[in-house]
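Structure first, then comments.
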Amino acid sequence: MFLYNLTLQRSSGVTHAIHGNFSGTKQQEIVVSRGKIIELLRTEPNTGKVYTLLTHEIFGVVRALMAFKLTGGTKDYIIIGSDSGRIVILEYLPAKNVFDKIHQETFGKSGCRRIVPGQHLAVDPKGRAVMIGAIEKQKLVYILNRDAQARLTISSPLEAHKSNTFCYHIVGVDVGFENPMFACLEVDYEESDSDPTGEAAQTTQQMLTYYELDLGLNHVVRKYSEPLEEHGNFLIPVPGGSDGPSGVLICSENYITYKNLGDQPDIRMPIPRRRNDLDDPERGLIFVCSAAHKTKSMFFFLAQTEQGDIFKITLETDEDMVTEIRLKYFDTVPVATSMCVLKTGFLFVASEFGNHNLYQIAHLGDDDDEPEFSSTMPLEEGDTFFFAPRPLKNLMVVDELESLSPIMACQIADLANEDTPQMYAACGRGPRSSMRVLRHGLEVSEMAVSELPGNPNAVWTVKRASDDEFDAYIIVSFVNATLVLSIGETVEEVTDSGFLGTTPTLSSSLIGEDSLLQIYPDGIRHIRSDKRVNEWKTPGKKNIVKCAVNQRQVVIALSGGELVYFEMDPTGQLNEYTERKEMSADVKCMSLATVPAGEQRARFLAVGLDDNTVRIISLDQSDCLQPLSMQALPAPAEALCIVEMGGTEAREESGETGTRGGLYLNIGLQNGVLLRTVLDSVTGDLSDTRTRYLGSRPVKLFRVMMQGSQAVLAMSSRSWLSYWYQSRFHLTPLSYESLEYASGFASEQCPEGIVAISTNTLRILALEKLGAVFNQVSVALKYTPRKFIIPPESSNLILIETDHNTYTDTTKAQRKQQMAEEMVEAAGEEERELAAEMAAAFINEDLPDTVFGAPKAGAGMWASVIRLLNPVSGNTLHLVSLEQNESALSLAVCKFNSRGEDDLFLVVGTAKDMTLSPRTCSGGFLHTYQITENGCNLQLLHKTPVDDVPAALCAFQGRILVGVGKLLRIYDLGKKKLLRKCENKMIPNIIVNISTVGNRILVSDIQESIHFVRYKRAENKLIIFADDTYPRWITASCILDYNTVVCADKFGNITVLRLPANINDEVDEDPTGSKALWDRGLLNGASQKADIICNFHIGETILSLQKSILIPGGSESLVYTTLSGAVGILVPFTSHEDHDFFQHLEMHMRSEYPPLCGRDHLSFRSYYFPIKSVIDGDLCEQFSSMDTTKQRSVAEELERTPAEVSKKLEDIRTRYAF
């Protein structure tokens, strides 16, 4: 078995985010890393929309990311610390839209190791040096400079190692143009290591150490080190030189401290806490991330606590000495991994979990009535300041980037009866969790919908002059009339436009600089800008049936297949070409390309005829109206559209010239198929046809603009958009009702929209999220979803949500009541009334957990609910709240033999008072519910106590299998509780997953892989007859057939295991115990072992695996989802020839286009186990982002053309997915 791995949706969680001028212009961009992907984002300065410029998979783990600018430079470089044992410096080249690797310096072994640098990165703020550090011992400093050609150079590494030292964080200290200095948080563990009593470990202090790079002597000195009172978790560098006082802010538990070299005294200040916080008061508070903003006159920091509150930190200075730290509550946003303040006044917040946000900083919070805390205010040691959290005031959300991270569970099913299955993903953590319904398609925002007086048959938009930015008119054609609407603040009908209103229209457009053209069945109407009208009438009884128009040319087809060609002369007059062309059959459709920049005319006309052919006709003066080439079609053509795709637009700000794209002829057939054919821009030949089935109706095509380049809107029973994005073609359906006719639309509110008609309505639509694979409908949940299940013959979901360290609603209300009573008791006689008012206000105050986070209740506190949800409507049909400290861990729907066929039961496994480390619990329960009212209600029958954690449940032959800790049991339904029928005690640790096929049961152990168990009904025994040879920490598994199972582990590996053909599942356990030890099988396990068929390292923890068909008429694929929000598939090859081709392509790609960050692709995909029988489609698909010369050389090695290679890549993708 050979598999091909494809990513459908790249991971959406962000681990690092940096900002800088990466394209070398004034505009700032954001670079984010998503585990093994680097992505460049740009914000639209006017609207604040965030869009992706470039995404690149690096086949390695990004551990640190830094922006870096040479002294006096205007362009930022990207420095990456990864698991490759190399430091890599990238430059973004906007002309080619690629990351270019400028330097790659090797310093150690690959992999995330303790003493190999790559975990920490720090740059000198003046851009002279960079330090890369390991978790332990090693630190290297590289000096960066320019050579004579102004290219970036890198020195050999200078060592700053110190053994027996842990490093927590490194920053570059801003010292102006003194010798570069780096500050580290370190702990020396030498004494603790040699002290067996453990006392030294308790007394070891963390150190703040300064390393100085002496540029004169070219080496690194450990300049200064001092012990810290609190244990710091990260450092914030303070601007220095002429901009500020220099030094660092140390963020530690409950305190923030300013330190600097020299005479500067330490300034220390507690982190303010929320007033009346429900959190455990003994719990410390830390800052988790920060962002700095610096202008010529001032600087400030925004630091976020682990509750999500952002504080604005400023420093007061007297000459060069800092006198006080000032903290002011700014706003509360979801807890972030990184924050970036952009010069345009935006704050980008990359959330730990859930969607990422871009905020506009509306106010700096200087002049509001929020109290400002200062380090000079007197406080007792151990006391702190209090503030009241509130909704957003200084920040305004301008854009939200949808993120699925973390996907806790996922299932694919067609519950909405839409033919195409939907993905149901349970995402998120805590109160920001959601159940998301994912459908393949682009999200459509509806700008406006208005009713029309009848059913129109076509719509166009027209500008007044060719250099106008926005459209002036919308022209709507009916069966016997034409309506002209002008676009302004509102859209209203006008009568003085010069268009003939008493006839249907075939086409209307802007022609030349500023005149309008209307083509109707009896002639052509040319309306000049001064409202003069020229008419051309059809000869005799003939009518115009089809037409094609661009900026300077008009071609019409008269009934009987006669073509008439007009071209505009320099005075703006339309002239008819002397000859007319007789076609051999009736014309069905026509298309002209747009006139290329700097040329007089488009050279090609495409004509679709009744005899199932498309012909390309030349419009060149030398051979005008001569046929150049033709292509036979499988069905009659309905529409044609020639577009130019794949070019890059010219950018004024950087002075780059755009590159010409290729010409593509899109052909829509009457049977619902879309063909895309390459049109040679010199000879007019047609080649390399790609086909896609779009729907049941004939395909109509419309040219629209998307992100400054041409795209094609194809309409069948669904509407699709074919566009070029990030160096590859995308053909994506729109998640919208079916449309009949469309045209591009540009106005101030909607610069790149579409105006379309559907029955008797006119709609203005916008597509903003290009490149997105899924559009999402989200239903909010209360706690972290753990697992869910779709009961048979039902379109509802049952899911369990469980959170640790959380109060249930009842406990929360009790805790609030108790705190309110304490407030009143603590007040003196005089303040009783005031305290009572405050207590009442506190009880009534409701801060939503989704914004402000759930209060942390302490270890061992659990809250759970069981929810019955209709995912299509988003309604919760039934909600069962469990008691405090009872955590729901597993669920299964089953039918019991003892209760007949029609009764469905839900069994939920819960644990009481569970602690995670060491894993203990005071007992578990199996709750049995009957599902009533057609799957809309749950009725509790009974609770069955068990003596350990029931972490896995599965229905089995009219009974239920339960994994209680490490015991595998079969239970049956009784009157008062579930009755135990059978048990196996041989699983080593704890059962996390059970699945069944026939009489076989596949049991996943938490760390010992999969055990194959056979149930013998006659003897009522569960016997382990086979297991795996490797320990695997299983997180998900899926049965492929009777002998084959695929499993995923927490380190990100996918493995396919198969039982050998000669396996015997009729083995007996040895009842006498006298069997010799050496006959017991291998390593105390089962006597038979499963074979490993495939091994592959995905690189992200996989939490769900499912075998499913993703597109109607497609083949089955294995779909996996990961913790960081990625969705991928593994698909089998259908022929040896295909497998051979992709194997060779992968081999060439490994050598010709190695991963960007220096990791070896083969060793990355074999991180834990050697890769076996899986080909990496993600690497193969990077073929299209290589240079054209490299593409040619690789394709020649494979004895193909680059077009054939990309066609193979597209075919395997569209056969299984999208």
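Chain lettering (A, B, ...) mirrors the order of the structure tokens, residue numbering begins at 1 for each chain separately, and ligand numbering begins at 1 in order of display.
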
Discussion item. For the strand (DSSP E or B) assignment from backbone DSSP, which residues of region 325-556 of chain A qualify? Please present them as a PyMOL selection string.
Written reply: chain A and resi 325-332+336-341+346-351+356-361+372-374+386-387+395-401+407-413+422-427+434-440+442+444-451+458-462+473-477+482-487+491-493+507-511+515-520+523-527+533-537+544-549+553-556

Practice prompt. Write out as JSON, numbers by chain which residues come within 8 Å of region 683-696 of chain A when counting only C-alpha atoms, dropping same-chain ones fewer than 2 positions away.
Written response: {"A": [604, 616, 618, 628, 629, 630, 631, 671, 672, 673, 674, 675, 676, 677, 678, 679, 680, 681, 698, 699, 716, 717, 718, 720, 1203, 1204, 1207]}

Save the residues we just selected, C-alpha atoms, as a PDB file, in the first residue's frame?
```
ATOM      1  CA  PHE A 604      -7.267  36.573 -30.717  1.00  0.00           C
ATOM      2  CA  ILE A 616      -9.309  30.760 -32.513  1.00  0.00           C
ATOM      3  CA  SER A 618      -6.669  36.112 -35.675  1.00  0.00           C
ATOM      4  CA  LEU A 628      -5.471  29.912 -36.421  1.00  0.00           C
ATOM      5  CA  SER A 629      -6.456  26.772 -34.508  1.00  0.00           C
ATOM      6  CA  MET A 630      -9.421  24.771 -33.333  1.00  0.00           C
ATOM      7  CA  GLN A 631     -10.351  22.337 -30.605  1.00  0.00           C
ATOM      8  CA  ASN A 671     -23.246  19.555 -19.772  1.00  0.00           C
ATOM      9  CA  GLY A 672     -21.869  21.438 -16.740  1.00  0.00           C
ATOM     10  CA  VAL A 673     -18.137  20.899 -17.392  1.00  0.00           C
ATOM     11  CA  LEU A 674     -15.528  23.669 -17.334  1.00  0.00           C
ATOM     12  CA  LEU A 675     -12.418  23.324 -19.520  1.00  0.00           C
ATOM     13  CA  ARG A 676      -9.326  25.482 -19.025  1.00  0.00           C
ATOM     14  CA  THR A 677      -6.936  25.518 -21.973  1.00  0.00           C
ATOM     15  CA  VAL A 678      -3.634  27.337 -22.426  1.00  0.00           C
ATOM     16  CA  LEU A 679      -3.770  29.773 -25.373  1.00  0.00           C
ATOM     17  CA  ASP A 680      -0.335  30.396 -26.858  1.00  0.00           C
ATOM     18  CA  SER A 681       0.071  34.194 -26.981  1.00  0.00           C
ATOM     19  CA  PRO A 698     -24.763  24.765 -18.562  1.00  0.00           C
ATOM     20  CA  VAL A 699     -21.717  26.774 -17.456  1.00  0.00           C
ATOM     21  CA  SER A 716     -23.696  26.312 -13.106  1.00  0.00           C
ATOM     22  CA  SER A 717     -26.019  24.895 -10.444  1.00  0.00           C
ATOM     23  CA  ARG A 718     -23.343  26.312  -8.074  1.00  0.00           C
ATOM     24  CA  TRP A 720     -17.386  28.814  -8.813  1.00  0.00           C
ATOM     25  CA  ALA A1203       2.551  21.715 -17.695  1.00  0.00           C
ATOM     26  CA  GLU A1204       2.140  17.924 -17.601  1.00  0.00           C
ATOM     27  CA  LYS A1207      -1.549  18.685 -14.419  1.00  0.00           C
TER      28      LYS A1207
END
```

Worksheet item: Do you know which residues are at most 7 Å from Pro504 (chain A) counting only C-alpha atoms, after dropping those on the same chain fewer than 4 positions away, and could you put them as a ChimeraX atom specification?
Response: /A:477-482,520

Output C-alpha atoms of each residue in that selection to a file, as a short mmCIF file (atom, residue, chain, number, x, y, z; two decimals), in the first residue's frame.
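The resulting file, part.cif, is reproduced below:
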```cif
data_model
loop_
_atom_site.label_atom_id
_atom_site.label_comp_id
_atom_site.auth_asym_id
_atom_site.auth_seq_id
_atom_site.Cartn_x
_atom_site.Cartn_y
_atom_site.Cartn_z
CA SER A 477 -31.44 43.74 -19.44
CA PHE A 478 -34.93 42.20 -19.47
CA VAL A 479 -36.68 40.23 -22.22
CA ASN A 480 -38.04 43.42 -23.86
CA ALA A 481 -36.39 46.37 -22.08
CA THR A 482 -33.16 47.69 -20.58
CA TYR A 520 -28.83 45.00 -29.04
#
```

Fill in: Between CA of Gln304 (chain A) and CA of Cys289 (chain A) - distance in Å to one decimal
5.5 Å

Discussion item. Considering only C-alpha atoms, can you say which of A:Leu506, A:Val220, A:Val1045, A:Leu379 comes closest to Arg268 (chain A)?
Written reply: A:Leu379

Fill in: Using only C-alpha atoms: which of A:Asp586, A:Glu324, A:Arg283, A:Phe1025 has the shortest distance to Thr257 (chain A)
A:Glu324

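Interatomic distance, CA of Thr384 (chain A) to CA of Thr850 (chain A): 25.9 Å.
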
Practice prompt. For Pro634 (chain A), list every protein, DNA or RNA residue within 9 Å, evaluated using only C-alpha atoms, and leave out those in the same chain fewer than 3 positions away; present the list as a VMD selection string.
Written response: chain A and resid 612 to 613 637 669

Since we have the selection now, will you write its residues out, keeping N, CA, C and O atoms, as a PDB file, in the first residue's frame?
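New file selection_2.pdb:
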```pdb
ATOM      1  N   ASN A 612     -19.797  21.644 -32.089  1.00  0.00           N
ATOM      2  CA  ASN A 612     -18.974  21.197 -30.944  1.00  0.00           C
ATOM      3  C   ASN A 612     -17.491  21.494 -31.126  1.00  0.00           C
ATOM      4  O   ASN A 612     -16.637  20.665 -30.816  1.00  0.00           O
ATOM      5  N   THR A 613     -17.167  22.684 -31.662  1.00  0.00           N
ATOM      6  CA  THR A 613     -15.754  23.073 -31.764  1.00  0.00           C
ATOM      7  C   THR A 613     -15.596  24.492 -31.228  1.00  0.00           C
ATOM      8  O   THR A 613     -16.564  25.261 -31.170  1.00  0.00           O
ATOM      9  N   ALA A 637     -20.520  24.180 -26.633  1.00  0.00           N
ATOM     10  CA  ALA A 637     -20.028  25.221 -25.723  1.00  0.00           C
ATOM     11  C   ALA A 637     -21.161  26.170 -25.379  1.00  0.00           C
ATOM     12  O   ALA A 637     -21.986  26.499 -26.230  1.00  0.00           O
ATOM     13  N   LEU A 669     -19.196  24.291 -20.859  1.00  0.00           N
ATOM     14  CA  LEU A 669     -19.995  23.423 -21.737  1.00  0.00           C
ATOM     15  C   LEU A 669     -21.433  23.317 -21.234  1.00  0.00           C
ATOM     16  O   LEU A 669     -21.728  23.595 -20.070  1.00  0.00           O
TER      17      LEU A 669
END
```

Discussion item. Can you pull out the residues contacting Tyr1167 (chain A)? Cut-off 12 Å, using only C-alpha atoms, and skip same-chain residues under 6 positions away; I want them as a VMD selection string.
Written reply: chain A and resid 59 to 61 83 to 84 110 to 112 1051 to 1054 1095 to 1100 1159 to 1161

I'd like the neighbourhood of Ile527 (chain A) as an mmCIF file with N, CA, C and O atoms, in the first residue's frame, where a residue qualifies if any of its atoms comes within 12 Å (using only C-alpha atoms), though same-chain residues fewer than 2 positions away should be ignored.
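Contents of part.cif, freshly written:
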```
data_model
loop_
_atom_site.group_PDB
_atom_site.id
_atom_site.type_symbol
_atom_site.label_atom_id
_atom_site.label_comp_id
_atom_site.auth_asym_id
_atom_site.auth_seq_id
_atom_site.Cartn_x
_atom_site.Cartn_y
_atom_site.Cartn_z
ATOM 1 N N ARG A 464 -17.548 55.550 -16.338
ATOM 2 C CA ARG A 464 -17.741 56.711 -17.235
ATOM 3 C C ARG A 464 -16.517 56.919 -18.118
ATOM 4 O O ARG A 464 -16.635 57.281 -19.279
ATOM 5 N N ASP A 496 -31.244 59.485 -18.821
ATOM 6 C CA ASP A 496 -30.514 60.324 -19.792
ATOM 7 C C ASP A 496 -29.136 59.767 -20.124
ATOM 8 O O ASP A 496 -28.236 60.498 -20.508
ATOM 9 N N SER A 497 -28.949 58.445 -19.961
ATOM 10 C CA SER A 497 -27.608 57.888 -20.173
ATOM 11 C C SER A 497 -27.301 57.699 -21.642
ATOM 12 O O SER A 497 -26.159 57.455 -22.020
ATOM 13 N N GLY A 498 -28.312 57.774 -22.531
ATOM 14 C CA GLY A 498 -28.077 57.530 -23.948
ATOM 15 C C GLY A 498 -28.350 56.093 -24.352
ATOM 16 O O GLY A 498 -28.370 55.773 -25.539
ATOM 17 N N PHE A 499 -28.567 55.182 -23.371
ATOM 18 C CA PHE A 499 -28.861 53.791 -23.720
ATOM 19 C C PHE A 499 -30.302 53.682 -24.208
ATOM 20 O O PHE A 499 -31.194 54.381 -23.722
ATOM 21 N N LEU A 500 -30.526 52.788 -25.161
ATOM 22 C CA LEU A 500 -31.867 52.550 -25.682
ATOM 23 C C LEU A 500 -32.592 51.649 -24.687
ATOM 24 O O LEU A 500 -32.159 50.517 -24.434
ATOM 25 N N SER A 508 -23.188 45.667 -22.900
ATOM 26 C CA SER A 508 -22.955 47.099 -22.737
ATOM 27 C C SER A 508 -21.619 47.260 -22.046
ATOM 28 O O SER A 508 -21.302 46.506 -21.123
ATOM 29 N N SER A 509 -20.837 48.238 -22.515
ATOM 30 C CA SER A 509 -19.505 48.379 -21.931
ATOM 31 C C SER A 509 -18.925 49.750 -22.244
ATOM 32 O O SER A 509 -19.494 50.510 -23.041
ATOM 33 N N LEU A 510 -17.820 50.048 -21.610
ATOM 34 C CA LEU A 510 -17.062 51.261 -21.903
ATOM 35 C C LEU A 510 -16.123 50.921 -23.049
ATOM 36 O O LEU A 510 -15.463 49.878 -23.030
ATOM 37 N N ILE A 511 -16.063 51.814 -24.058
ATOM 38 C CA ILE A 511 -15.138 51.542 -25.157
ATOM 39 C C ILE A 511 -14.301 52.784 -25.380
ATOM 40 O O ILE A 511 -14.782 53.911 -25.217
ATOM 41 N N GLY A 512 -13.021 52.608 -25.693
ATOM 42 C CA GLY A 512 -12.128 53.761 -25.846
ATOM 43 C C GLY A 512 -11.913 54.429 -24.507
ATOM 44 O O GLY A 512 -11.974 53.802 -23.450
ATOM 45 N N GLU A 513 -11.672 55.758 -24.550
ATOM 46 C CA GLU A 513 -11.375 56.479 -23.318
ATOM 47 C C GLU A 513 -12.637 56.724 -22.500
ATOM 48 O O GLU A 513 -12.659 56.534 -21.317
ATOM 49 N N ASP A 514 -13.713 57.220 -23.195
ATOM 50 C CA ASP A 514 -14.845 57.697 -22.409
ATOM 51 C C ASP A 514 -16.183 57.547 -23.112
ATOM 52 O O ASP A 514 -17.090 58.324 -22.875
ATOM 53 N N SER A 515 -16.307 56.601 -24.059
ATOM 54 C CA SER A 515 -17.620 56.457 -24.690
ATOM 55 C C SER A 515 -18.209 55.090 -24.342
ATOM 56 O O SER A 515 -17.484 54.160 -23.999
ATOM 57 N N LEU A 516 -19.549 55.006 -24.455
ATOM 58 C CA LEU A 516 -20.246 53.786 -24.060
ATOM 59 C C LEU A 516 -20.767 53.067 -25.294
ATOM 60 O O LEU A 516 -21.018 53.680 -26.325
ATOM 61 N N LEU A 517 -20.932 51.760 -25.161
ATOM 62 C CA LEU A 517 -21.368 50.950 -26.289
ATOM 63 C C LEU A 517 -22.501 50.040 -25.830
ATOM 64 O O LEU A 517 -22.381 49.370 -24.808
ATOM 65 N N GLN A 518 -23.583 50.052 -26.604
ATOM 66 C CA GLN A 518 -24.695 49.138 -26.314
ATOM 67 C C GLN A 518 -24.934 48.297 -27.567
ATOM 68 O O GLN A 518 -25.100 48.832 -28.655
ATOM 69 N N ILE A 519 -24.925 46.994 -27.407
ATOM 70 C CA ILE A 519 -25.217 46.100 -28.529
ATOM 71 C C ILE A 519 -26.571 45.451 -28.252
ATOM 72 O O ILE A 519 -26.780 44.888 -27.166
ATOM 73 N N ILE A 524 -25.896 48.287 -33.247
ATOM 74 C CA ILE A 524 -24.903 48.727 -32.257
ATOM 75 C C ILE A 524 -25.113 50.218 -32.027
ATOM 76 O O ILE A 524 -25.290 50.985 -32.987
ATOM 77 N N ARG A 525 -25.094 50.633 -30.769
ATOM 78 C CA ARG A 525 -25.299 52.045 -30.424
ATOM 79 C C ARG A 525 -24.030 52.525 -29.725
ATOM 80 O O ARG A 525 -23.652 52.004 -28.675
ATOM 81 N N SER A 529 -18.959 60.743 -25.299
ATOM 82 C CA SER A 529 -19.027 61.382 -23.977
ATOM 83 C C SER A 529 -19.878 62.641 -24.013
ATOM 84 O O SER A 529 -20.417 63.057 -23.002
ATOM 85 N N ASP A 530 -20.008 63.293 -25.206
ATOM 86 C CA ASP A 530 -20.849 64.498 -25.270
ATOM 87 C C ASP A 530 -22.277 64.144 -25.680
ATOM 88 O O ASP A 530 -22.998 64.993 -26.220
ATOM 89 N N LYS A 531 -22.651 62.877 -25.470
ATOM 90 C CA LYS A 531 -23.994 62.353 -25.694
ATOM 91 C C LYS A 531 -24.368 62.246 -27.176
ATOM 92 O O LYS A 531 -25.516 61.974 -27.508
ATOM 93 N N ARG A 532 -23.393 62.488 -28.117
ATOM 94 C CA ARG A 532 -23.695 62.193 -29.525
ATOM 95 C C ARG A 532 -23.830 60.678 -29.668
ATOM 96 O O ARG A 532 -23.100 59.923 -29.037
ATOM 97 N N VAL A 533 -24.739 60.226 -30.525
ATOM 98 C CA VAL A 533 -24.985 58.795 -30.683
ATOM 99 C C VAL A 533 -24.730 58.374 -32.123
ATOM 100 O O VAL A 533 -25.260 58.989 -33.052
ATOM 101 N N ASN A 534 -23.884 57.359 -32.332
ATOM 102 C CA ASN A 534 -23.717 56.759 -33.658
ATOM 103 C C ASN A 534 -24.401 55.405 -33.644
ATOM 104 O O ASN A 534 -24.203 54.623 -32.719
ATOM 105 N N GLU A 535 -25.181 55.111 -34.687
ATOM 106 C CA GLU A 535 -25.881 53.826 -34.751
ATOM 107 C C GLU A 535 -25.381 53.035 -35.950
ATOM 108 O O GLU A 535 -25.071 53.597 -37.005
ATOM 109 N N TRP A 536 -25.289 51.731 -35.787
ATOM 110 C CA TRP A 536 -25.016 50.822 -36.919
ATOM 111 C C TRP A 536 -26.143 49.814 -36.922
ATOM 112 O O TRP A 536 -26.379 49.133 -35.927
ATOM 113 N N GLY A 572 -11.503 57.829 -32.013
ATOM 114 C CA GLY A 572 -12.598 57.310 -31.191
ATOM 115 C C GLY A 572 -13.788 56.862 -32.013
ATOM 116 O O GLY A 572 -14.872 56.650 -31.481
ATOM 117 N N GLN A 573 -13.611 56.710 -33.334
ATOM 118 C CA GLN A 573 -14.703 56.267 -34.218
ATOM 119 C C GLN A 573 -14.583 54.747 -34.423
ATOM 120 O O GLN A 573 -13.476 54.228 -34.574
ATOM 121 N N LEU A 574 -15.708 54.023 -34.432
ATOM 122 C CA LEU A 574 -15.677 52.586 -34.704
ATOM 123 C C LEU A 574 -15.735 52.362 -36.211
ATOM 124 O O LEU A 574 -16.654 52.850 -36.879
#
```

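If you measure from each of A:Ser450, A:Thr1134, A:Thr505, A:Gln206 to Val755 (chain A) using only C-alpha atoms, the closest one turns out to be A:Ser450.
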
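Closest to Pro1132 (chain A) among A:Thr1188, A:Asn5, A:Asn455, A:Ser1163 is A:Asn5, based on only C-alpha atoms.
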
Worksheet entry | DSSP-assigned helix (DSSP H, G or I) members of region 1059-1176 of chain A, reported as a count of residues only | 25
